[in-house]
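Reading through the structure tokens given below for one structure.
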Amino acid sequence: MLCENGVIAGILDTGARVDADERYDAAGKLVLPGFIDPHVHSRDPGATHKEDFEHSTRGALTGGVTTVLEMPNAIPPVDSAEVFAQRRAQHEVSAWTDFGLWGLALGEPNIDEIGPLFAAGAVAVKLFWGYALHRETRSLVYNLGDEPPENLLMPPPNGQVMRLFEEVARHGGLLAAHCEDKDVLATSQERLGHPIESYEDLLAARPAAAEATTIAIATEFAKATGARFHVVHLASEAGLEAVRAAQARGVRLTAETCPQYLTLTDADYPRVGPVMKVYPPVREQRDQDALWAGVNEGALVSLGSDHAPHTVEEKSRGFETQPAGAVGCETFGPVLIDALLRGKTTPTRFAEVTATETAKLYGLYPRKASSAPAATPTWWSSTPRPGGRCATRS
Ligand code: DOR
Ligand code: ZN
């Protein structure tokens, strides 16, 4: 494999002789595309006491991620083409990796910005289905008790969501969603009858049916509108069955899962502790086994970290009041390589779900994750420094 100025310039036959300034003998090693982490929530701007984009991308690069797709829920969120342009300019000077930006889909409140967001280069738009947002900052409200009701912007009703699917289809973009049904969550929490105090309570308050139900609704909307829909951070066997059912019907529905769902189970909670509170929650061994089967059989096409930093102080609060989310973009590669070496998947499938299929999904292929001579140079440096490029959807 020949590299020139940091990009692949060609692949030669085995044994071919070539003059090069530097040689690296990769015999017995795996040569993988730089990982693409499509699911990173840096807190920049607005909550940089948790983390900023420079540190997220430095962490990512340390673990082999060369492209980060940044989620839209910083403060202010990327809910318009105008904010998209500002965010792009801001991150271009601090990124240590290449990056792409997600747009935020709110339903009716920014339905007219969906087209402009795609035109500006958003890799996809995301609906936080099941989440209440703060009315002013549009930041996620992790626990309904965190805010007085008048501050809550509840997720759009399903009629508006279907309208959003239509709009995304009209622009040929990709819609993704956090899939947990708010009514199933609310009723499950109510039935619990007391605050969430243990990991068992968390699982009871956020059952897998909340995920599967939302995916089933999304399936109908995607079928009816022709929109491409992507399930982020799939965490349950029931959710996976809903994904498979959609795909069997020919619906354009894809799904992602994360290292935490592939390597942890509820049995790890006593060891890992409160940091393990993430939405949707890490479930049981059977869910983990089902998700690996989903990765290997092709139902799940992409892995993302769902990197979601909070402060130690925040994560040390009680179970009920701590925010959901854990860091992950720095450990994404190492944790998954460890799983690969344990035989959980094959090297080829590994490269697909950590790079190639992800690049295709978000319109970055073959500029990213291809071993063909790169048409457009990919950012790379042997002495890392800030200056990543913003990769937009093609
Ligand atoms: O645990 C989570 N944290 N899940 C999400 O969906 C969002 C994330 C965050 O931004 O903190
Ligand atoms: Zn997320």
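As shown in the structure tokens, the chain order sets the letters A, B, ...; within each chain, residues go from 1, and ligands are also counted from 1 in the order they appear.
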- Task: May I have the residues within 6 Å of ligand 1, computed using only C-alpha atoms and all ligand atoms, as a ChimeraX atom specification?
- Result: /A:41,278-279,308,324-325
Would you mind exporting all heavy atoms of the selected residues as a PDB file, in the first residue's frame?
```pdb
ATOM      1  N   HIS A  41     -21.204  13.194  21.180  1.00  0.00           N
ATOM      2  CA  HIS A  41     -21.833  14.401  21.735  1.00  0.00           C
ATOM      3  C   HIS A  41     -20.762  15.200  22.468  1.00  0.00           C
ATOM      4  O   HIS A  41     -20.596  15.051  23.674  1.00  0.00           O
ATOM      5  CB  HIS A  41     -22.902  14.048  22.769  1.00  0.00           C
ATOM      6  CG  HIS A  41     -24.040  13.195  22.296  1.00  0.00           C
ATOM      7  ND1 HIS A  41     -25.229  13.722  21.862  1.00  0.00           N
ATOM      8  CD2 HIS A  41     -24.198  11.846  22.230  1.00  0.00           C
ATOM      9  CE1 HIS A  41     -26.074  12.738  21.548  1.00  0.00           C
ATOM     10  NE2 HIS A  41     -25.469  11.592  21.762  1.00  0.00           N
ATOM     11  N   VAL A 278     -26.745   4.953  30.985  1.00  0.00           N
ATOM     12  CA  VAL A 278     -26.869   5.530  29.645  1.00  0.00           C
ATOM     13  C   VAL A 278     -28.276   5.228  29.146  1.00  0.00           C
ATOM     14  O   VAL A 278     -28.908   4.282  29.601  1.00  0.00           O
ATOM     15  CB  VAL A 278     -25.815   4.956  28.653  1.00  0.00           C
ATOM     16  CG1 VAL A 278     -24.405   5.349  29.045  1.00  0.00           C
ATOM     17  CG2 VAL A 278     -25.911   3.421  28.540  1.00  0.00           C
ATOM     18  N   TYR A 279     -28.740   6.085  28.233  1.00  0.00           N
ATOM     19  CA  TYR A 279     -30.058   5.863  27.604  1.00  0.00           C
ATOM     20  C   TYR A 279     -29.843   5.555  26.142  1.00  0.00           C
ATOM     21  O   TYR A 279     -29.189   6.351  25.469  1.00  0.00           O
ATOM     22  CB  TYR A 279     -30.918   7.122  27.692  1.00  0.00           C
ATOM     23  CG  TYR A 279     -31.369   7.557  29.054  1.00  0.00           C
ATOM     24  CD1 TYR A 279     -31.839   8.860  29.237  1.00  0.00           C
ATOM     25  CD2 TYR A 279     -31.347   6.700  30.148  1.00  0.00           C
ATOM     26  CE1 TYR A 279     -32.281   9.299  30.469  1.00  0.00           C
ATOM     27  CE2 TYR A 279     -31.781   7.139  31.391  1.00  0.00           C
ATOM     28  CZ  TYR A 279     -32.248   8.438  31.549  1.00  0.00           C
ATOM     29  OH  TYR A 279     -32.685   8.888  32.770  1.00  0.00           O
ATOM     30  N   ALA A 308     -20.705  10.631  25.411  1.00  0.00           N
ATOM     31  CA  ALA A 308     -21.581  11.626  26.038  1.00  0.00           C
ATOM     32  C   ALA A 308     -21.015  12.014  27.402  1.00  0.00           C
ATOM     33  O   ALA A 308     -21.448  11.507  28.438  1.00  0.00           O
ATOM     34  CB  ALA A 308     -23.000  11.075  26.162  1.00  0.00           C
ATOM     35  N   ALA A 324     -27.767  10.876  32.025  1.00  0.00           N
ATOM     36  CA  ALA A 324     -27.390   9.647  31.325  1.00  0.00           C
ATOM     37  C   ALA A 324     -26.271   9.966  30.338  1.00  0.00           C
ATOM     38  O   ALA A 324     -26.247  11.032  29.744  1.00  0.00           O
ATOM     39  CB  ALA A 324     -28.588   9.085  30.586  1.00  0.00           C
ATOM     40  N   GLY A 325     -25.360   9.029  30.175  1.00  0.00           N
ATOM     41  CA  GLY A 325     -24.303   9.207  29.183  1.00  0.00           C
ATOM     42  C   GLY A 325     -22.964   8.840  29.763  1.00  0.00           C
ATOM     43  O   GLY A 325     -22.721   8.990  30.964  1.00  0.00           O
TER      44      GLY A 325
END
```
Which residues of chain A have any atom within 10 Å of an atom in ligand 2 when counting only C-alpha atoms and all ligand atoms, and what is the closest pair of atoms for each, with the distance in Å to one decimal? Order the rows by chain and rising number and write it as a tab-separated table.
```
residue	atom	partner	partner_atom_place_in_ligand_line	distance
A:Pro38	CA	ligand 2	1 (Zn)	9.7
A:His39	CA	ligand 2	1 (Zn)	6.1
A:Val40	CA	ligand 2	1 (Zn)	6.9
A:His41	CA	ligand 2	1 (Zn)	6.5
A:Glu70	CA	ligand 2	1 (Zn)	9.8
A:Met71	CA	ligand 2	1 (Zn)	7.2
A:Pro72	CA	ligand 2	1 (Zn)	9.7
A:Asn73	CA	ligand 2	1 (Zn)	9.1
A:Lys126	CA	ligand 2	1 (Zn)	9.6
A:Phe128	CA	ligand 2	1 (Zn)	8.9
A:Ala177	CA	ligand 2	1 (Zn)	9.2
A:His178	CA	ligand 2	1 (Zn)	7.3
A:Val232	CA	ligand 2	1 (Zn)	7.3
A:His233	CA	ligand 2	1 (Zn)	7.0
A:Cys258	CA	ligand 2	1 (Zn)	9.9
A:Val278	CA	ligand 2	1 (Zn)	9.1
A:Tyr279	CA	ligand 2	1 (Zn)	8.0
A:Pro280	CA	ligand 2	1 (Zn)	9.2
A:Gly304	CA	ligand 2	1 (Zn)	8.9
A:Ser305	CA	ligand 2	1 (Zn)	8.2
A:Asp306	CA	ligand 2	1 (Zn)	4.5
A:His307	CA	ligand 2	1 (Zn)	7.0
A:Ala308	CA	ligand 2	1 (Zn)	6.8
A:Ala324	CA	ligand 2	1 (Zn)	9.8
A:Gly325	CA	ligand 2	1 (Zn)	7.9
A:Ala326	CA	ligand 2	1 (Zn)	9.8
```
Selection above as a file: C-alpha atoms, as a PDB file, in the first residue's frame:
```
ATOM      1  CA  PRO A  38     -20.671   8.653  13.848  1.00  0.00           C
ATOM      2  CA  HIS A  39     -22.105   9.270  17.313  1.00  0.00           C
ATOM      3  CA  VAL A  40     -20.244  11.826  19.425  1.00  0.00           C
ATOM      4  CA  HIS A  41     -21.833  14.401  21.735  1.00  0.00           C
ATOM      5  CA  GLU A  70     -20.764  15.370  15.910  1.00  0.00           C
ATOM      6  CA  MET A  71     -24.288  15.150  17.311  1.00  0.00           C
ATOM      7  CA  PRO A  72     -26.369  18.338  17.176  1.00  0.00           C
ATOM      8  CA  ASN A  73     -27.317  18.754  20.851  1.00  0.00           C
ATOM      9  CA  LYS A 126     -31.576  13.475  14.418  1.00  0.00           C
ATOM     10  CA  PHE A 128     -34.576  12.825  20.038  1.00  0.00           C
ATOM     11  CA  ALA A 177     -33.698   8.878  15.973  1.00  0.00           C
ATOM     12  CA  HIS A 178     -33.195   8.051  19.580  1.00  0.00           C
ATOM     13  CA  VAL A 232     -29.008   4.977  16.654  1.00  0.00           C
ATOM     14  CA  HIS A 233     -27.657   3.104  19.677  1.00  0.00           C
ATOM     15  CA  CYS A 258     -22.381   0.798  20.439  1.00  0.00           C
ATOM     16  CA  VAL A 278     -26.869   5.530  29.645  1.00  0.00           C
ATOM     17  CA  TYR A 279     -30.058   5.863  27.604  1.00  0.00           C
ATOM     18  CA  PRO A 280     -31.125   3.422  26.350  1.00  0.00           C
ATOM     19  CA  GLY A 304     -20.820   4.464  17.146  1.00  0.00           C
ATOM     20  CA  SER A 305     -19.596   5.303  20.625  1.00  0.00           C
ATOM     21  CA  ASP A 306     -22.452   7.557  21.803  1.00  0.00           C
ATOM     22  CA  HIS A 307     -19.666   9.512  23.508  1.00  0.00           C
ATOM     23  CA  ALA A 308     -21.581  11.626  26.038  1.00  0.00           C
ATOM     24  CA  ALA A 324     -27.390   9.647  31.325  1.00  0.00           C
ATOM     25  CA  GLY A 325     -24.303   9.207  29.183  1.00  0.00           C
ATOM     26  CA  ALA A 326     -20.727   7.976  29.321  1.00  0.00           C
TER      27      ALA A 326
END
```
- Message: Excluding A:Lys315 and its own-chain neighbours fewer than 4 positions away, which residues fall within 12 Å of it when counting only C-alpha atoms? Please give them as a list of chain:residue names.
- Response: A:Lys50, A:Gly273, A:Pro274, A:Val275, A:Met276, A:Lys277, A:Val278, A:Ala308, A:Pro309, A:His310, A:Thr311, A:Phe319, A:Glu320, A:Thr321, A:Gln322, A:Pro323, A:Ala324, A:Gly325, A:Ala326, A:Val327
Restrict the selected residues to N, CA, C and O atoms and save them as a PDB file, in the first residue's frame.
```pdb
ATOM      1  N   LYS A  50     -18.039  20.116  30.621  1.00  0.00           N
ATOM      2  CA  LYS A  50     -18.053  18.657  30.484  1.00  0.00           C
ATOM      3  C   LYS A  50     -16.939  18.232  29.521  1.00  0.00           C
ATOM      4  O   LYS A  50     -16.177  17.312  29.805  1.00  0.00           O
ATOM      5  N   GLY A 273     -20.333   0.647  38.071  1.00  0.00           N
ATOM      6  CA  GLY A 273     -20.895   1.734  38.862  1.00  0.00           C
ATOM      7  C   GLY A 273     -21.734   2.708  38.055  1.00  0.00           C
ATOM      8  O   GLY A 273     -22.053   2.459  36.890  1.00  0.00           O
ATOM      9  N   PRO A 274     -22.063   3.852  38.692  1.00  0.00           N
ATOM     10  CA  PRO A 274     -23.066   4.778  38.159  1.00  0.00           C
ATOM     11  C   PRO A 274     -22.764   5.311  36.764  1.00  0.00           C
ATOM     12  O   PRO A 274     -23.678   5.691  36.042  1.00  0.00           O
ATOM     13  N   VAL A 275     -21.501   5.321  36.387  1.00  0.00           N
ATOM     14  CA  VAL A 275     -21.156   5.832  35.064  1.00  0.00           C
ATOM     15  C   VAL A 275     -21.883   5.037  33.984  1.00  0.00           C
ATOM     16  O   VAL A 275     -22.067   5.489  32.864  1.00  0.00           O
ATOM     17  N   MET A 276     -22.341   3.849  34.368  1.00  0.00           N
ATOM     18  CA  MET A 276     -22.996   2.965  33.397  1.00  0.00           C
ATOM     19  C   MET A 276     -24.419   3.394  33.054  1.00  0.00           C
ATOM     20  O   MET A 276     -25.063   2.787  32.210  1.00  0.00           O
ATOM     21  N   LYS A 277     -24.912   4.451  33.698  1.00  0.00           N
ATOM     22  CA  LYS A 277     -26.265   4.900  33.337  1.00  0.00           C
ATOM     23  C   LYS A 277     -26.217   5.609  31.989  1.00  0.00           C
ATOM     24  O   LYS A 277     -25.707   6.719  31.870  1.00  0.00           O
ATOM     25  N   VAL A 278     -26.745   4.953  30.985  1.00  0.00           N
ATOM     26  CA  VAL A 278     -26.869   5.530  29.645  1.00  0.00           C
ATOM     27  C   VAL A 278     -28.276   5.228  29.146  1.00  0.00           C
ATOM     28  O   VAL A 278     -28.908   4.282  29.601  1.00  0.00           O
ATOM     29  N   ALA A 308     -20.705  10.631  25.411  1.00  0.00           N
ATOM     30  CA  ALA A 308     -21.581  11.626  26.038  1.00  0.00           C
ATOM     31  C   ALA A 308     -21.015  12.014  27.402  1.00  0.00           C
ATOM     32  O   ALA A 308     -21.448  11.507  28.438  1.00  0.00           O
ATOM     33  N   PRO A 309     -20.019  12.896  27.408  1.00  0.00           N
ATOM     34  CA  PRO A 309     -19.353  13.233  28.668  1.00  0.00           C
ATOM     35  C   PRO A 309     -20.216  14.059  29.628  1.00  0.00           C
ATOM     36  O   PRO A 309     -21.004  14.899  29.202  1.00  0.00           O
ATOM     37  N   HIS A 310     -20.070  13.753  30.899  1.00  0.00           N
ATOM     38  CA  HIS A 310     -20.635  14.559  31.983  1.00  0.00           C
ATOM     39  C   HIS A 310     -19.531  14.689  33.030  1.00  0.00           C
ATOM     40  O   HIS A 310     -18.545  13.941  32.984  1.00  0.00           O
ATOM     41  N   THR A 311     -19.688  15.587  33.998  1.00  0.00           N
ATOM     42  CA  THR A 311     -18.634  15.730  35.002  1.00  0.00           C
ATOM     43  C   THR A 311     -18.737  14.591  36.021  1.00  0.00           C
ATOM     44  O   THR A 311     -19.791  13.968  36.179  1.00  0.00           O
ATOM     45  N   PHE A 319     -28.841   7.829  41.549  1.00  0.00           N
ATOM     46  CA  PHE A 319     -29.245   7.185  40.303  1.00  0.00           C
ATOM     47  C   PHE A 319     -30.289   8.004  39.559  1.00  0.00           C
ATOM     48  O   PHE A 319     -30.235   8.181  38.346  1.00  0.00           O
ATOM     49  N   GLU A 320     -31.265   8.498  40.309  1.00  0.00           N
ATOM     50  CA  GLU A 320     -32.391   9.204  39.699  1.00  0.00           C
ATOM     51  C   GLU A 320     -31.961  10.525  39.059  1.00  0.00           C
ATOM     52  O   GLU A 320     -32.438  10.885  38.004  1.00  0.00           O
ATOM     53  N   THR A 321     -31.052  11.235  39.722  1.00  0.00           N
ATOM     54  CA  THR A 321     -30.780  12.601  39.275  1.00  0.00           C
ATOM     55  C   THR A 321     -29.539  12.748  38.405  1.00  0.00           C
ATOM     56  O   THR A 321     -29.357  13.786  37.793  1.00  0.00           O
ATOM     57  N   GLN A 322     -28.692  11.737  38.327  1.00  0.00           N
ATOM     58  CA  GLN A 322     -27.513  11.905  37.463  1.00  0.00           C
ATOM     59  C   GLN A 322     -27.950  11.887  35.995  1.00  0.00           C
ATOM     60  O   GLN A 322     -28.919  11.231  35.629  1.00  0.00           O
ATOM     61  N   PRO A 323     -27.221  12.632  35.147  1.00  0.00           N
ATOM     62  CA  PRO A 323     -27.546  12.588  33.725  1.00  0.00           C
ATOM     63  C   PRO A 323     -27.109  11.256  33.115  1.00  0.00           C
ATOM     64  O   PRO A 323     -26.207  10.599  33.634  1.00  0.00           O
ATOM     65  N   ALA A 324     -27.767  10.876  32.025  1.00  0.00           N
ATOM     66  CA  ALA A 324     -27.390   9.647  31.325  1.00  0.00           C
ATOM     67  C   ALA A 324     -26.271   9.966  30.338  1.00  0.00           C
ATOM     68  O   ALA A 324     -26.247  11.032  29.744  1.00  0.00           O
ATOM     69  N   GLY A 325     -25.360   9.029  30.175  1.00  0.00           N
ATOM     70  CA  GLY A 325     -24.303   9.207  29.183  1.00  0.00           C
ATOM     71  C   GLY A 325     -22.964   8.840  29.763  1.00  0.00           C
ATOM     72  O   GLY A 325     -22.721   8.990  30.964  1.00  0.00           O
ATOM     73  N   ALA A 326     -22.089   8.330  28.913  1.00  0.00           N
ATOM     74  CA  ALA A 326     -20.727   7.976  29.321  1.00  0.00           C
ATOM     75  C   ALA A 326     -19.777   8.282  28.175  1.00  0.00           C
ATOM     76  O   ALA A 326     -20.191   8.311  27.016  1.00  0.00           O
ATOM     77  N   VAL A 327     -18.516   8.507  28.528  1.00  0.00           N
ATOM     78  CA  VAL A 327     -17.540   8.787  27.481  1.00  0.00           C
ATOM     79  C   VAL A 327     -17.232   7.511  26.696  1.00  0.00           C
ATOM     80  O   VAL A 327     -17.458   6.412  27.184  1.00  0.00           O
TER      81      VAL A 327
END
```
- Neighbour list for stretch 363-369 of chain A as a VMD selection string, cut-off 10 Å, only C-alpha atoms, skip fewer than 2 positions in-chain: chain A and resid 32 to 36 66 to 67 100 121 to 124 173 to 174 351 to 352 354 to 361 371 to 378 391 to 394
Could you pull out the residues in stretch 118-359 of chain A that DSSP calls strand (DSSP E or B) from the backbone, as a compact mmCIF listing (two decimals) with C-alpha atoms, in the first residue's frame?
```txt
# COMPACT_ATOMS: atom_id res chain seq x y z
CA VAL A 125 -30.69 14.87 11.02
CA LYS A 126 -31.58 13.47 14.42
CA LEU A 127 -34.84 13.37 16.28
CA ALA A 132 -38.06 16.12 26.52
CA LEU A 133 -35.90 19.11 25.59
CA HIS A 134 -35.37 22.28 27.54
CA LEU A 140 -31.78 17.17 26.66
CA VAL A 141 -33.71 16.77 29.88
CA LEU A 152 -40.19 21.15 28.96
CA LEU A 153 -40.51 20.86 25.20
CA LEU A 174 -31.12 10.49 6.30
CA LEU A 175 -33.28 10.74 9.42
CA ALA A 176 -32.05 9.08 12.59
CA ALA A 177 -33.70 8.88 15.97
CA ARG A 228 -34.28 6.55 4.88
CA PHE A 229 -34.37 5.98 8.61
CA HIS A 230 -31.54 5.01 10.95
CA VAL A 231 -31.87 3.71 14.50
CA LEU A 253 -34.21 1.21 7.73
CA THR A 254 -30.70 0.71 9.10
CA ALA A 255 -29.34 0.53 12.62
CA GLU A 256 -26.29 1.24 14.77
CA THR A 257 -25.20 -0.22 18.07
CA SER A 302 -22.57 0.80 11.80
CA LEU A 303 -21.02 1.18 15.25
CA HIS A 307 -19.67 9.51 23.51
CA ALA A 326 -20.73 7.98 29.32
```
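With atom CA of A:Asp266 on one side and atom CA of A:Val184 on the other, the separation reads 20.7 Å.
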- Message: Which residues are close to A:Glu297, i.e. within 12 Å by only C-alpha atoms, leaving aside same-chain residues fewer than 2 positions away? Reply as a PyMOL selection string.
- Response: chain A and resi 240+244+290-295+299-301+345-346+349+353
- Item | Test item, helix (DSSP H, G or I) assignment across stretch 179-296 of chain A, answer as a ChimeraX atom specification | /A:182-192,199-205,208-225,237-248,259-263,266-272,274-276,285-296
